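Asker: The following file, target.pdb, comprises PDB, C-alpha atoms:
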ATOM      1  CA  MET A 143     134.716 -49.117 -18.903
ATOM      2  CA  THR A 144     132.623 -47.140 -21.398
ATOM      3  CA  ASP A 145     134.301 -45.564 -24.326
ATOM      4  CA  HIS A 146     134.694 -41.860 -23.784
ATOM      5  CA  VAL A 147     133.866 -40.067 -27.041
ATOM      6  CA  ARG A 148     135.682 -36.814 -27.149
ATOM      7  CA  THR A 149     133.893 -34.172 -29.230
ATOM      8  CA  ARG A 150     135.651 -31.225 -30.734
ATOM      9  CA  THR A 151     133.914 -27.965 -31.453
ATOM     10  CA  ALA A 152     135.307 -25.896 -34.253
ATOM     11  CA  PRO A 153     136.778 -22.604 -33.008
ATOM     12  CA  GLU A 154     134.529 -20.507 -35.222
ATOM     13  CA  VAL A 155     131.508 -22.279 -33.792
ATOM     14  CA  LYS A 156     132.769 -21.586 -30.303
ATOM     15  CA  TRP A 157     133.181 -17.928 -31.113
ATOM     16  CA  VAL A 158     129.701 -17.588 -32.651
ATOM     17  CA  ALA A 159     128.172 -19.408 -29.656
ATOM     18  CA  ASN A 160     129.961 -17.118 -27.235
ATOM     19  CA  GLU A 161     128.956 -13.993 -29.118
ATOM     20  CA  LEU A 162     125.351 -15.176 -29.309
ATOM     21  CA  ALA A 163     125.261 -15.696 -25.561
ATOM     22  CA  ALA A 164     126.735 -12.251 -24.896
ATOM     23  CA  VAL A 165     124.362 -10.509 -27.316
ATOM     24  CA  MET A 166     121.368 -12.317 -25.843
ATOM     25  CA  GLY A 167     122.551 -11.302 -22.375
ATOM     26  CA  GLU A 168     122.790  -7.678 -23.422
ATOM     27  CA  LEU A 169     119.345  -7.836 -25.028
ATOM     28  CA  ASP A 170     117.945  -9.251 -21.770
ATOM     29  CA  ARG A 171     119.578  -6.382 -19.884
ATOM     30  CA  ILE A 172     118.083  -3.868 -22.316
ATOM     31  CA  ASP A 173     114.635  -5.454 -21.972
ATOM     32  CA  GLU A 174     114.883  -5.230 -18.184
ATOM     33  CA  THR A 175     115.981  -1.591 -18.403
ATOM     34  CA  LEU A 176     113.140  -0.798 -20.811
ATOM     35  CA  ALA A 177     110.623  -2.475 -18.497
ATOM     36  CA  ARG A 178     111.975  -0.552 -15.527
ATOM     37  CA  LEU A 179     111.981   2.755 -17.419
ATOM     38  CA  THR A 180     108.471   2.138 -18.772
ATOM     39  CA  ALA A 181     107.179   1.544 -15.245
ATOM     40  CA  ARG A 182     109.103   4.594 -14.016
ATOM     41  CA  LYS A 183     107.622   6.746 -16.813
ATOM     42  CA  ALA A 184     104.099   5.566 -15.980
ATOM     43  CA  HIS A 185     104.663   6.478 -12.335
ATOM     44  CA  LEU A 186     106.107   9.894 -13.196
ATOM     45  CA  LEU A 187     103.158  10.657 -15.484
ATOM     46  CA  GLU A 188     100.875   9.968 -12.508
ATOM     47  CA  VAL A 189     103.012  12.194 -10.306
ATOM     48  CA  ARG A 190     102.898  14.973 -12.912
ATOM     49  CA  ALA A 191      99.105  14.724 -13.041
ATOM     50  CA  ALA A 192      98.967  14.785  -9.226
ATOM     51  CA  LEU A 193     101.242  17.833  -8.950
ATOM     52  CA  SER A 194      99.185  19.626 -11.620
ATOM     53  CA  SER A 195      96.033  18.868  -9.652
ATOM     54  CA  VAL A 196      97.610  20.185  -6.449
ATOM     55  CA  ALA A 197      98.707  23.304  -8.338
ATOM     56  CA  GLY A 198      95.035  23.836  -9.167
ATOM     57  CA  GLN A 199      94.112  23.321  -5.500
ATOM     58  CA  LEU A 200      96.713  25.963  -4.609
ATOM     59  CA  ALA A 201      95.018  28.387  -7.025
ATOM     60  CA  VAL A 202      97.870  28.328  -9.575
ATOM     61  CA  PRO A 203      96.392  26.094 -12.292
ATOM     62  CA  GLU A 204      98.667  27.661 -14.926
ATOM     63  CA  LEU A 205     101.794  26.321 -13.195
ATOM     64  CA  PRO A 206     102.178  23.123 -15.267
ATOM     65  CA  ASP A 207     102.079  25.178 -18.478
ATOM     66  CA  VAL A 208     104.650  27.771 -17.465
ATOM     67  CA  MET A 209     107.248  25.640 -15.646
ATOM     68  CA  PRO A 210     110.119  24.550 -17.885
ATOM     69  CA  SER A 211     111.583  21.085 -17.463
ATOM     70  CA  VAL A 212     114.773  20.912 -15.419
ATOM     71  CA  ARG A 213     117.135  17.961 -15.293
ATOM     72  CA  ALA A 214     117.518  17.773 -11.561
ATOM     73  CA  HIS A 215     120.768  16.662 -10.007
ATOM     74  CA  GLU A 216     120.008  13.303  -8.406
ATOM     75  CA  ARG A 217     123.238  11.446  -8.568
ATOM     76  CA  TYR A 218     122.596   9.128  -5.732
ATOM     77  CA  GLY A 219     119.009   8.148  -6.392
ATOM     78  CA  ALA A 220     116.684   8.313  -3.434
ATOM     79  CA  ARG A 221     117.085  10.712  -0.557
ATOM     80  CA  GLY A 222     119.711   9.574   1.912
ATOM     81  CA  SER A 223     121.324   7.081  -0.455
ATOM     82  CA  LEU A 224     124.804   8.550  -0.142
ATOM     83  CA  ARG A 225     124.762   8.501   3.659
ATOM     84  CA  ASN A 226     123.303   4.998   3.744
ATOM     85  CA  PHE A 227     126.067   3.806   1.447
ATOM     86  CA  LEU A 228     128.784   5.482   3.544
ATOM     87  CA  ARG A 229     127.282   3.902   6.658
ATOM     88  CA  GLU A 230     127.440   0.450   5.055
ATOM     89  CA  VAL A 231     131.047   0.836   3.938
ATOM     90  CA  LEU A 232     132.183   2.077   7.354
ATOM     91  CA  ALA A 233     130.249  -0.679   9.135
ATOM     92  CA  LYS A 234     131.981  -3.332   7.038
ATOM     93  CA  ALA A 235     135.400  -1.796   7.689
ATOM     94  CA  TYR A 236     134.827  -1.399  11.456
ATOM     95  CA  PRO A 237     136.889  -1.369  13.674
ATOM     96  CA  LYS A 238     139.231  -0.007  11.025
ATOM     97  CA  GLY A 239     138.676   3.423   9.562
ATOM     98  CA  VAL A 240     138.418   4.327   5.890
ATOM     99  CA  THR A 241     140.015   7.337   4.244
ATOM    100  CA  THR A 242     137.884   9.965   2.551
ATOM    101  CA  ALA A 243     139.698   9.196  -0.686
ATOM    102  CA  ALA A 244     138.810   5.511  -0.492
ATOM    103  CA  LEU A 245     135.195   6.368   0.337
ATOM    104  CA  THR A 246     135.103   8.675  -2.677
ATOM    105  CA  GLU A 247     136.329   5.910  -4.968
ATOM    106  CA  ALA A 248     133.743   3.550  -3.512
ATOM    107  CA  VAL A 249     130.987   6.112  -4.135
ATOM    108  CA  ILE A 250     132.123   6.598  -7.739
ATOM    109  CA  GLU A 251     132.007   2.863  -8.349
ATOM    110  CA  ALA A 252     128.805   2.133  -6.458
ATOM    111  CA  PHE A 253     126.753   4.921  -8.059
ATOM    112  CA  GLY A 254     128.319   4.594 -11.523
ATOM    113  CA  LEU A 255     129.443   8.232 -11.598
ATOM    114  CA  HIS A 256     131.399   9.566 -14.546
ATOM    115  CA  ILE A 257     134.304  11.641 -13.277
ATOM    116  CA  ALA A 258     135.973  13.827 -15.878
ATOM    117  CA  GLY A 259     139.253  14.362 -14.079
ATOM    118  CA  PRO A 260     141.058  14.953 -10.785
ATOM    119  CA  GLU A 261     139.385  18.317 -10.202
ATOM    120  CA  GLU A 262     135.923  16.785 -10.417
ATOM    121  CA  ARG A 263     137.036  13.948  -8.159
ATOM    122  CA  ASN A 264     138.272  16.508  -5.619
ATOM    123  CA  ARG A 265     134.983  18.399  -5.793
ATOM    124  CA  LEU A 266     133.072  15.167  -5.209
ATOM    125  CA  ARG A 267     135.311  14.317  -2.255
ATOM    126  CA  LYS A 268     135.082  17.753  -0.635
ATOM    127  CA  ASN A 269     131.534  18.830  -1.470
ATOM    128  CA  SER A 270     129.653  15.557  -1.302
ATOM    129  CA  VAL A 271     131.529  12.826   0.543
ATOM    130  CA  ARG A 272     133.214  14.977   3.196
ATOM    131  CA  SER A 273     130.043  17.050   3.715
ATOM    132  CA  ALA A 274     128.031  13.883   4.268
ATOM    133  CA  LEU A 275     130.666  12.559   6.704
ATOM    134  CA  LYS A 276     130.681  15.839   8.641
ATOM    135  CA  ALA A 277     126.902  15.759   8.916
ATOM    136  CA  MET A 278     127.054  12.159  10.140
ATOM    137  CA  HIS A 279     129.753  13.186  12.607
ATOM    138  CA  GLY A 280     127.457  15.913  13.874
ATOM    139  CA  ARG A 281     124.818  13.279  14.568
ATOM    140  CA  GLY A 282     127.346  11.048  16.321
ATOM    141  CA  GLU A 283     127.321   8.294  13.717
ATOM    142  CA  VAL A 284     130.958   8.472  12.646
ATOM    143  CA  GLU A 285     134.158   9.786  14.165
ATOM    144  CA  PRO A 286     137.305  11.153  12.543
ATOM    145  CA  VAL A 287     140.440   9.251  13.464
ATOM    146  CA  HIS A 288     142.883  11.253  11.358
ATOM    147  CA  GLY A 289     145.521  13.395  13.018
ATOM    148  CA  ARG A 290     145.110  17.139  13.213
ATOM    149  CA  LEU A 291     147.962  19.567  12.629
ATOM    150  CA  LYS A 292     148.374  21.689  15.740
ATOM    151  CA  THR A 293     149.284  25.349  15.379
ATOM    152  CA  GLY A 294     153.031  25.608  14.765
ATOM    153  CA  GLY A 295     153.368  21.922  13.987
ATOM    154  CA  SER A 296     155.001  20.753  10.840
ATOM    155  CA  LEU A 297     153.618  18.321   8.359
ATOM    156  CA  LYS A 298     157.061  16.760   7.989
ATOM    157  CA  SER A 299     157.371  15.949  11.679
ATOM    158  CA  LEU A 300     153.928  14.416  11.853
ATOM    159  CA  ARG A 301     154.580  12.357   8.737
ATOM    160  CA  THR A 302     157.671  11.029  10.419
ATOM    161  CA  ILE A 303     155.668   9.523  13.235
ATOM    162  CA  GLY A 304     152.954   8.406  10.826
ATOM    163  CA  THR A 305     149.984  10.089  12.469
ATOM    164  CA  VAL A 306     148.828  12.173   9.532
ATOM    165  CA  ALA A 307     147.131  10.662   6.496
ATOM    166  CA  GLN A 308     147.013  12.510   3.196
ATOM    167  CA  SER A 309     143.266  12.162   3.437
ATOM    168  CA  GLY A 310     141.015  12.089   6.504
ATOM    169  CA  VAL A 311     140.220   8.754   8.059
ATOM    170  CA  TRP A 312     136.704   8.062   9.302
ATOM    171  CA  ARG A 313     135.347   5.272  11.459
ATOM    172  CA  LEU A 314     131.895   4.201  12.489
ATOM    173  CA  LYS A 315     131.198   5.399  15.998
ATOM    174  CA  VAL A 316     130.159   2.623  18.324
ATOM    175  CA  GLU A 317     128.981   3.333  21.844
ATOM    176  CA  ALA A 318     131.569   1.483  23.854
ATOM    177  CA  PRO A 319     133.659   2.591  26.842
ATOM    178  CA  SER A 320     137.058   3.925  25.920
ATOM    179  CA  LEU A 321     140.237   2.571  27.488
ATOM    180  CA  ASP A 322     140.515   5.668  29.661
ATOM    181  CA  GLU A 323     136.969   5.225  30.946
ATOM    182  CA  LEU A 324     137.673   1.589  31.760
ATOM    183  CA  ARG A 325     140.828   2.636  33.654
ATOM    184  CA  ARG A 326     138.828   5.182  35.635
ATOM    185  CA  VAL A 327     136.180   2.608  36.519
ATOM    186  CA  ALA A 328     138.898   0.122  37.472
ATOM    187  CA  ALA A 329     140.589   2.788  39.603
ATOM    188  CA  GLY A 330     137.369   3.412  41.428
ATOM    189  CA  VAL A 331     136.694  -0.294  41.973
ATOM    190  CA  LEU A 332     140.226  -1.050  43.174
ATOM    191  CA  SER A 333     140.416   1.900  45.579
ATOM    192  CA  GLU A 334     138.937   0.296  48.697
ATOM    193  CA  ASP A 335     139.695   3.066  51.180
ATOM    194  CA  GLY A 336     137.257   5.380  49.378
ATOM    195  CA  SER A 337     139.962   7.973  48.866
ATOM    196  CA  GLY A 338     139.348   8.123  45.179
ATOM    197  CA  GLU A 339     143.052   7.585  44.569
ATOM    198  CA  PRO A 340     143.771   5.029  41.895
ATOM    199  CA  ALA A 341     145.366   1.807  42.931
ATOM    200  CA  ASP A 342     149.084   1.210  42.247
ATOM    201  CA  GLY A 343     149.769   0.506  38.611
ATOM    202  CA  VAL A 344     146.622   2.159  37.378
ATOM    203  CA  ARG A 345     147.508   5.245  35.452
ATOM    204  CA  GLU A 346     145.473   8.410  35.090
ATOM    205  CA  ALA A 347     143.872   9.356  31.794
ATOM    206  CA  ALA A 348     146.447  10.385  29.208
ATOM    207  CA  ASP A 349     144.955  13.842  28.786
ATOM    208  CA  GLY A 350     145.385  14.569  32.500
ATOM    209  CA  SER A 351     141.991  16.194  32.544
ATOM    210  CA  GLY A 352     141.366  15.184  36.116
ATOM    211  CA  ALA A 353     138.005  13.835  35.060
ATOM    212  CA  GLY A 354     139.354  10.402  35.914
ATOM    213  CA  GLY A 355     139.757  11.392  39.539
ATOM    214  CA  GLY A 356     136.252  12.745  39.658
ATOM    215  CA  ALA A 357     134.781   9.661  38.065
ATOM    216  CA  GLY A 358     136.835   7.465  40.296
ATOM    217  CA  ALA A 359     135.662   9.359  43.361
ATOM    218  CA  ALA A 360     132.067   9.044  42.168
ATOM    219  CA  VAL A 361     132.457   5.294  41.820
ATOM    220  CA  CYS A 362     134.000   5.115  45.307
ATOM    221  CA  ARG A 363     131.059   7.040  46.728
ATOM    222  CA  GLU A 364     128.643   4.595  45.140
ATOM    223  CA  GLY A 365     130.594   1.681  46.606
ATOM    224  CA  SER A 366     130.938   3.065  50.146
TER     225      SER A 366
ATOM    226  CA  MET B  99     116.710  32.324  -6.801
ATOM    227  CA  ALA B 100     117.790  29.040  -8.325
ATOM    228  CA  LEU B 101     115.440  26.191  -7.528
ATOM    229  CA  THR B 102     117.113  23.179  -6.020
ATOM    230  CA  MET B 103     115.616  19.943  -4.849
ATOM    231  CA  THR B 104     116.665  20.697  -1.274
ATOM    232  CA  ARG B 105     116.052  24.415  -0.911
ATOM    233  CA  THR B 106     112.367  24.308  -1.772
ATOM    234  CA  ARG B 107     111.632  21.270   0.377
ATOM    235  CA  THR B 108     110.619  23.092   3.560
ATOM    236  CA  GLN B 109     108.635  22.435   6.709
ATOM    237  CA  THR B 110     106.149  25.090   5.590
ATOM    238  CA  THR B 111     105.414  23.125   2.440
ATOM    239  CA  LEU B 112     105.020  19.878   4.373
ATOM    240  CA  THR B 113     102.639  21.536   6.816
ATOM    241  CA  LYS B 114     100.572  23.004   3.993
ATOM    242  CA  LEU B 115     100.336  19.678   2.130
ATOM    243  CA  ALA B 116      99.381  17.862   5.328
ATOM    244  CA  ALA B 117      96.714  20.490   6.039
ATOM    245  CA  MET B 118      95.290  20.045   2.541
ATOM    246  CA  VAL B 119      95.136  16.272   3.056
ATOM    247  CA  ALA B 120      93.491  16.770   6.453
ATOM    248  CA  ASN B 121      90.799  19.002   4.935
ATOM    249  CA  VAL B 122      90.059  16.557   2.144
ATOM    250  CA  HIS B 123      89.818  13.775   4.719
ATOM    251  CA  GLY B 124      87.436  15.911   6.772
ATOM    252  CA  GLU B 125      85.164  16.835   3.888
ATOM    253  CA  LEU B 126      85.161  13.288   2.518
ATOM    254  CA  GLU B 127      84.163  11.970   5.925
ATOM    255  CA  PHE B 128      81.265  14.474   6.042
ATOM    256  CA  VAL B 129      80.064  13.660   2.510
ATOM    257  CA  GLU B 130      80.248   9.923   3.188
ATOM    258  CA  GLU B 131      78.182  10.377   6.368
ATOM    259  CA  LEU B 132      75.532  12.307   4.404
ATOM    260  CA  LEU B 133      75.466   9.641   1.711
ATOM    261  CA  ALA B 134      75.149   6.927   4.337
ATOM    262  CA  GLN B 135      72.232   8.842   5.932
ATOM    263  CA  ALA B 136      70.576   9.287   2.546
ATOM    264  CA  GLY B 137      70.975   5.600   1.796
ATOM    265  CA  ALA B 138      69.604   4.523   5.183
ATOM    266  CA  GLU B 139      66.585   6.863   4.963
ATOM    267  CA  ALA B 140      65.808   5.737   1.432
ATOM    268  CA  ALA B 141      65.981   2.089   2.452
ATOM    269  CA  ALA B 142      63.784   2.611   5.550
ATOM    270  CA  ALA B 143      61.053   4.980   4.386
ATOM    271  CA  GLY B 144      61.408   5.010   0.630
ATOM    272  CA  GLN B 145      62.245   8.705   0.565
ATOM    273  CA  GLY B 146      64.487  10.641   2.857
ATOM    274  CA  LYS B 147      65.273  14.317   3.233
ATOM    275  CA  PHE B 148      67.647  14.169   0.274
ATOM    276  CA  SER B 149      66.282  14.462  -3.214
ATOM    277  CA  PRO B 150      67.744  12.286  -5.985
ATOM    278  CA  GLU B 151      69.475  15.368  -7.392
ATOM    279  CA  GLU B 152      71.092  16.091  -4.033
ATOM    280  CA  VAL B 153      72.251  12.488  -3.705
ATOM    281  CA  ALA B 154      73.752  12.658  -7.213
ATOM    282  CA  ALA B 155      75.501  15.907  -6.292
ATOM    283  CA  LEU B 156      76.905  14.296  -3.125
ATOM    284  CA  GLN B 157      78.168  11.330  -5.112
ATOM    285  CA  SER B 158      79.776  13.633  -7.646
ATOM    286  CA  ARG B 159      81.412  15.602  -4.842
ATOM    287  CA  LYS B 160      82.659  12.359  -3.278
ATOM    288  CA  ALA B 161      84.261  11.331  -6.587
ATOM    289  CA  ALA B 162      85.929  14.741  -6.938
ATOM    290  CA  LEU B 163      87.238  14.572  -3.368
ATOM    291  CA  GLU B 164      88.631  11.089  -3.936
ATOM    292  CA  GLU B 165      90.514  12.375  -6.985
ATOM    293  CA  LYS B 166      91.855  15.312  -4.979
ATOM    294  CA  ARG B 167      92.877  12.929  -2.214
ATOM    295  CA  GLN B 168      94.732  10.666  -4.632
ATOM    296  CA  ALA B 169      96.606  13.641  -6.113
ATOM    297  CA  LEU B 170      97.527  14.913  -2.641
ATOM    298  CA  TYR B 171      98.677  11.456  -1.525
ATOM    299  CA  LEU B 172     100.991  11.143  -4.525
ATOM    300  CA  THR B 173     102.284  14.681  -3.967
ATOM    301  CA  LEU B 174     102.952  14.079  -0.263
ATOM    302  CA  ARG B 175     104.758  10.827  -1.049
ATOM    303  CA  GLN B 176     106.816  12.685  -3.658
ATOM    304  CA  PHE B 177     107.764  15.158  -0.918
ATOM    305  CA  ASP B 178     108.734  12.412   1.499
ATOM    306  CA  PRO B 179     108.259   8.723   0.665
ATOM    307  CA  GLU B 180     108.329   7.880   4.385
ATOM    308  CA  VAL B 181     105.256   9.941   5.203
ATOM    309  CA  ASP B 182     102.034   7.949   5.121
ATOM    310  CA  PRO B 183      99.278  10.406   4.125
ATOM    311  CA  ARG B 184      96.589   7.971   5.266
ATOM    312  CA  THR B 185      97.572   8.667   8.858
ATOM    313  CA  VAL B 186      96.669  12.366   8.600
ATOM    314  CA  SER B 187      93.640  13.037  10.780
ATOM    315  CA  PRO B 188      90.612  14.789   9.251
ATOM    316  CA  ALA B 189      90.303  18.525   9.837
ATOM    317  CA  GLY B 190      87.388  20.916   9.674
ATOM    318  CA  GLU B 191      88.979  23.957   8.032
ATOM    319  CA  TRP B 192      87.156  23.174   4.777
ATOM    320  CA  ARG B 193      83.850  24.195   6.454
ATOM    321  CA  LYS B 194      84.964  27.820   6.602
ATOM    322  CA  GLN B 195      85.067  28.007   2.817
ATOM    323  CA  LEU B 196      81.611  26.528   2.387
ATOM    324  CA  SER B 197      80.007  27.913   5.557
ATOM    325  CA  VAL B 198      78.707  24.418   6.273
ATOM    326  CA  PHE B 199      77.862  23.567   9.868
ATOM    327  CA  SER B 200      77.390  20.112  11.252
ATOM    328  CA  SER B 201      73.803  18.997  11.745
ATOM    329  CA  GLY B 202      72.464  18.993  15.219
TER     330      GLY B 202
END
Produce structure tokens that represent the structure in this file.
Answerer:
Amino acid sequence: MTDHVRTRTAPEVKWVANELAAVMGELDRIDETLARLTARKAHLLEVRAALSSVAGQLAVPELPDVMPSVRAHERYGARGSLRNFLREVLAKAYPKGVTTAALTEAVIEAFGLHIAGPEERNRLRKNSVRSALKAMHGRGEVEPVHGRLKTGGSLKSLRTIGTVAQSGVWRLKVEAPSLDELRRVAAGVLSEDGSGEPADGVREAADGSGAGGGAGAAVCREGS
Amino acid sequence: MALTMTRTRTQTTLTKLAAMVANVHGELEFVEELLAQAGAEAAAAGQGKFSPEEVAALQSRKAALEEKRQALYLTLRQFDPEVDPRTVSPAGEWRKQLSVFSSG
């Protein structure tokens, strides 16, 4: 058995070593940021020259001299970044939904936003996050799964049965048959006399729209 | 009207930029054909229908068009990074400004 020589490092040496490592790490980070910003500046100088040239081609060569600089609002980086991020978060959470509030917090963290207070957080949630979700809903990418207050309903009663969240809940929309559609298809398959009537034990769609009967009848017609 | 990044980014602007790229492509194609003809004639017979001054002017025009093209490419990519300006087909609108007709 070899002798195990235990070495002891003085605490002050440990501290200096640790601080050195952290400072060197921060210097590396700064160097990387400087390199990235230098490349970005070089690219933007080319873009400025290009835009000035195009201004000349559009017969407004004085444009570069008269336009003031504006610090444009580009919180999320490239175009579509916010929606892409929301898509990723919802895809990871699927089949569960995510509240608008939680999505807002995720956006703040992911994009490194500085939020001054609750009012600014609310504005971000309503004007940016919810607007993006509504646009995605319009394109059929996400669906709201939060309860809606019906006219005359009371918030207290809905809270009692737990169907209303303080914030909206959103879920990624996946093209899959709903339970009602599966019941209708099953009703059509099981109804062998072609009457379109569902078999015993198979219930109609909960909304009673009657669309189930029609779909069932259509399936029967195909089978007959 | 306050300028915003979204409000000024319109289909009209995209169409105009694409048209400008198409015209530069068209004129560049024409100039390159003329230069190729001049080069071929000079190689075959020693002297073609283009004088050295005309060839120099064509080369200068080609360089200017390539600079314009580069500026338009960068501008179009700034408008939409997903648009590839190289896929824009050449157009002939530039001829109207110069009253140049194709040989034939």
Asker: I need the chain A residues near chain B as a PyMOL selection string; criterion: at most 7 Å, counting only C-alpha atoms.
Answerer: chain A and resi 189+192-193+195-196
Asker: Write out, as a compact mmCIF listing (two decimals), in the frame of the given file, the residues just selected, with C-alpha atoms.
Answerer:
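New file part_36.txt:
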# COMPACT_ATOMS: atom_id res chain seq x y z
CA VAL A 189 103.01 12.19 -10.31
CA ALA A 192 98.97 14.78 -9.23
CA LEU A 193 101.24 17.83 -8.95
CA SER A 195 96.03 18.87 -9.65
CA VAL A 196 97.61 20.18 -6.45
Asker: Any idea what the distance is between atom CA of Thr113 of chain B and atom CA of Ser270 of chain A?
Answerer: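 For atom CA of Thr113 of chain B relative to atom CA of Ser270 of chain A, the distance reads 28.8 Å.
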Asker: How many Å separate atom CA of Arg193 of chain B from atom CA of Gln199 of chain A?
Answerer: 15.8 Å
Asker: Mind giving me the straight-line distance from atom CA of Arg150 of chain A to atom CA of Asp170 of chain A in Å, one decimal?
Answerer: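 Rounded to one decimal, the two atoms are 29.6 Å apart.
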Asker: Which residues, named as in the file, does the PyMOL selection byres ((chain A and resi 225-237) around 10) pick out? Answer as a list in words.
Answerer: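 Taken on the displayed file, the PyMOL selection byres ((chain A and resi 225-237) around 10) yields the residues Tyr218, Arg221, Gly222, Ser223, Leu224, Lys238, Gly239, Val240, Thr241, Leu245, Thr246, Ala248, Val249, Ala252, Phe253, Ser270, Val271, Ala274, Leu275, Ala277, Met278, Glu283, Val284, Trp312, Arg313, Leu314, Lys315 and Val316 of chain A.
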Asker: Could you tell me which residues the PyMOL selection byres ((chain B and resi 187) around 6) returns for this structure, as a PyMOL selection string?
Answerer: chain B and resi 120+186+188
Asker: Residues within 10 Å of Glu125 of chain B, please, as a compact mmCIF listing (two decimals) with C-alpha atoms, in the coordinates of the input. Count only C-alpha atoms; anything in the same chain fewer than 5 positions from it doesn't count.
Answerer:
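The resulting result_14.txt:
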# COMPACT_ATOMS: atom_id res chain seq x y z
CA ALA B 120 93.49 16.77 6.45
CA GLU B 130 80.25 9.92 3.19
CA GLU B 131 78.18 10.38 6.37
CA ARG B 159 81.41 15.60 -4.84
CA LYS B 160 82.66 12.36 -3.28
CA LEU B 163 87.24 14.57 -3.37
CA PRO B 188 90.61 14.79 9.25
CA ALA B 189 90.30 18.52 9.84
CA GLY B 190 87.39 20.92 9.67
CA GLU B 191 88.98 23.96 8.03
CA TRP B 192 87.16 23.17 4.78
CA ARG B 193 83.85 24.20 6.45
Asker: Determine the residue membership of the PyMOL selection byres ((chain A and resi 263) around 12) for the file above and supply it as JSON, numbers by chain.
Answerer: {"A": [242, 243, 244, 245, 246, 247, 248, 249, 250, 255, 256, 257, 258, 259, 260, 261, 262, 264, 265, 266, 267, 268, 269, 270, 271]}
